[in-house]
Amino acid sequence: MKRLSIKLPNELHVKLKATAESRCMTKSELVRRALQAYLASYEGDGLTCAELAGDLIGSVDGPSDLATNPEHFHHYGH
């Protein structure tokens with residue numbers, strides 16, 4: 001396991017210490033779990049945009065070929 005040193009503001013350190021003690025774990029374990037949860041949510045767990053917005057796809061009325069049919073672009077770029 002690799003070691004990482006970080007600097008924390010006093011208020012954050014107090015919260016970290018209290019939370020770790022209340023959960024009967026070390027500060028290191030709490031930080032590891034929090035970092036894992038943050039990175040998992042940040043990465044979207046590997047889901048594509050289509051998967052994340054799946055319930056929205058097809059929920060709006062309009063032409064189905066909006067992005068590919070040049071007819072829909074005749075007002076743009078002139």
# chains A, B, ... in the order shown; residues from 1 in each chain; ligands from 1
$ residues_around --residues "A:Arg32" --least-positions-apart "6" --cutoff "12 Å" --atoms "only C-alpha atoms" --output "ChimeraX atom specification"
/A:1-4,16,20,25-26,38-39
$ write_last_selection --atoms "N, CA and C atoms" --output "PDB file, in the first residue's frame"
ATOM      1  N   MET A   1       0.851  -1.170   0.000  1.00  0.00           N
ATOM      2  CA  MET A   1       0.000   0.000   0.000  1.00  0.00           C
ATOM      3  C   MET A   1       0.901   1.239   0.000  1.00  0.00           C
ATOM      4  N   LYS A   2       0.530   2.229  -0.790  1.00  0.00           N
ATOM      5  CA  LYS A   2       1.294   3.468  -0.885  1.00  0.00           C
ATOM      6  C   LYS A   2       0.873   4.436   0.220  1.00  0.00           C
ATOM      7  N   ARG A   3       1.780   5.307   0.592  1.00  0.00           N
ATOM      8  CA  ARG A   3       1.509   6.311   1.622  1.00  0.00           C
ATOM      9  C   ARG A   3       1.319   7.662   0.950  1.00  0.00           C
ATOM     10  N   LEU A   4       0.368   8.443   1.456  1.00  0.00           N
ATOM     11  CA  LEU A   4       0.075   9.774   0.938  1.00  0.00           C
ATOM     12  C   LEU A   4      -0.062  10.720   2.115  1.00  0.00           C
ATOM     13  N   LEU A  16     -13.054  14.865  10.518  1.00  0.00           N
ATOM     14  CA  LEU A  16     -12.520  13.557  10.125  1.00  0.00           C
ATOM     15  C   LEU A  16     -12.274  12.696  11.352  1.00  0.00           C
ATOM     16  N   ALA A  20     -14.375   9.313  12.201  1.00  0.00           N
ATOM     17  CA  ALA A  20     -13.639   8.051  12.272  1.00  0.00           C
ATOM     18  C   ALA A  20     -13.852   7.378  13.624  1.00  0.00           C
ATOM     19  N   MET A  25     -13.243   3.365  13.222  1.00  0.00           N
ATOM     20  CA  MET A  25     -12.245   3.085  12.193  1.00  0.00           C
ATOM     21  C   MET A  25     -11.162   4.143  12.254  1.00  0.00           C
ATOM     22  N   THR A  26     -10.079   3.874  11.578  1.00  0.00           N
ATOM     23  CA  THR A  26      -8.993   4.849  11.547  1.00  0.00           C
ATOM     24  C   THR A  26      -9.339   5.972  10.576  1.00  0.00           C
ATOM     25  N   TYR A  38     -15.960   8.768  -3.894  1.00  0.00           N
ATOM     26  CA  TYR A  38     -15.897   9.965  -4.739  1.00  0.00           C
ATOM     27  C   TYR A  38     -15.443   9.608  -6.152  1.00  0.00           C
ATOM     28  N   LEU A  39     -14.391   8.828  -6.261  1.00  0.00           N
ATOM     29  CA  LEU A  39     -13.873   8.469  -7.585  1.00  0.00           C
ATOM     30  C   LEU A  39     -14.872   7.628  -8.364  1.00  0.00           C
TER      31      LEU A  39
END
$ select_by_dssp --residues "chain A" --states "helix (DSSP H, G or I)" --output "PyMOL selection string"
chain A and resi 10-22+27-42+44-46+49-52+70-73
$ write_last_selection --atoms "C-alpha atoms" --output "PDB file, in the first residue's frame"
ATOM      1  CA  ASN A  10      -8.242  22.293  11.305  1.00  0.00           C
ATOM      2  CA  GLU A  11     -12.047  22.150  10.944  1.00  0.00           C
ATOM      3  CA  LEU A  12     -11.846  19.310   8.428  1.00  0.00           C
ATOM      4  CA  HIS A  13      -9.380  17.405  10.605  1.00  0.00           C
ATOM      5  CA  VAL A  14     -11.703  17.701  13.609  1.00  0.00           C
ATOM      6  CA  LYS A  15     -14.634  16.385  11.530  1.00  0.00           C
ATOM      7  CA  LEU A  16     -12.520  13.557  10.125  1.00  0.00           C
ATOM      8  CA  LYS A  17     -11.300  12.514  13.567  1.00  0.00           C
ATOM      9  CA  ALA A  18     -14.784  12.629  15.116  1.00  0.00           C
ATOM     10  CA  THR A  19     -16.360  10.692  12.253  1.00  0.00           C
ATOM     11  CA  ALA A  20     -13.639   8.051  12.272  1.00  0.00           C
ATOM     12  CA  GLU A  21     -13.992   7.591  16.035  1.00  0.00           C
ATOM     13  CA  SER A  22     -17.778   7.352  15.839  1.00  0.00           C
ATOM     14  CA  LYS A  27      -8.830   8.193   9.811  1.00  0.00           C
ATOM     15  CA  SER A  28      -6.916   6.491   6.996  1.00  0.00           C
ATOM     16  CA  GLU A  29      -9.658   3.934   6.441  1.00  0.00           C
ATOM     17  CA  LEU A  30     -12.331   6.629   6.417  1.00  0.00           C
ATOM     18  CA  VAL A  31     -10.372   8.714   3.907  1.00  0.00           C
ATOM     19  CA  ARG A  32      -9.790   5.644   1.678  1.00  0.00           C
ATOM     20  CA  ARG A  33     -13.512   4.813   1.671  1.00  0.00           C
ATOM     21  CA  ALA A  34     -14.503   8.416   1.002  1.00  0.00           C
ATOM     22  CA  LEU A  35     -11.987   8.679  -1.837  1.00  0.00           C
ATOM     23  CA  GLN A  36     -13.174   5.412  -3.377  1.00  0.00           C
ATOM     24  CA  ALA A  37     -16.796   6.586  -3.250  1.00  0.00           C
ATOM     25  CA  TYR A  38     -15.897   9.965  -4.739  1.00  0.00           C
ATOM     26  CA  LEU A  39     -13.873   8.469  -7.585  1.00  0.00           C
ATOM     27  CA  ALA A  40     -16.601   5.941  -8.380  1.00  0.00           C
ATOM     28  CA  SER A  41     -19.220   8.678  -8.633  1.00  0.00           C
ATOM     29  CA  TYR A  42     -16.880  10.965 -10.564  1.00  0.00           C
ATOM     30  CA  GLY A  44     -19.826   7.479 -13.513  1.00  0.00           C
ATOM     31  CA  ASP A  45     -19.040   3.827 -12.836  1.00  0.00           C
ATOM     32  CA  GLY A  46     -18.155   3.400 -16.513  1.00  0.00           C
ATOM     33  CA  CYS A  49     -23.929   9.250 -21.565  1.00  0.00           C
ATOM     34  CA  ALA A  50     -26.711   7.275 -23.227  1.00  0.00           C
ATOM     35  CA  GLU A  51     -26.906   4.918 -20.255  1.00  0.00           C
ATOM     36  CA  LEU A  52     -26.949   7.795 -17.760  1.00  0.00           C
ATOM     37  CA  PRO A  70     -29.392  18.934 -43.543  1.00  0.00           C
ATOM     38  CA  GLU A  71     -32.943  20.233 -43.940  1.00  0.00           C
ATOM     39  CA  HIS A  72     -32.968  21.075 -40.224  1.00  0.00           C
ATOM     40  CA  PHE A  73     -29.830  23.241 -40.583  1.00  0.00           C
TER      41      PHE A  73
END
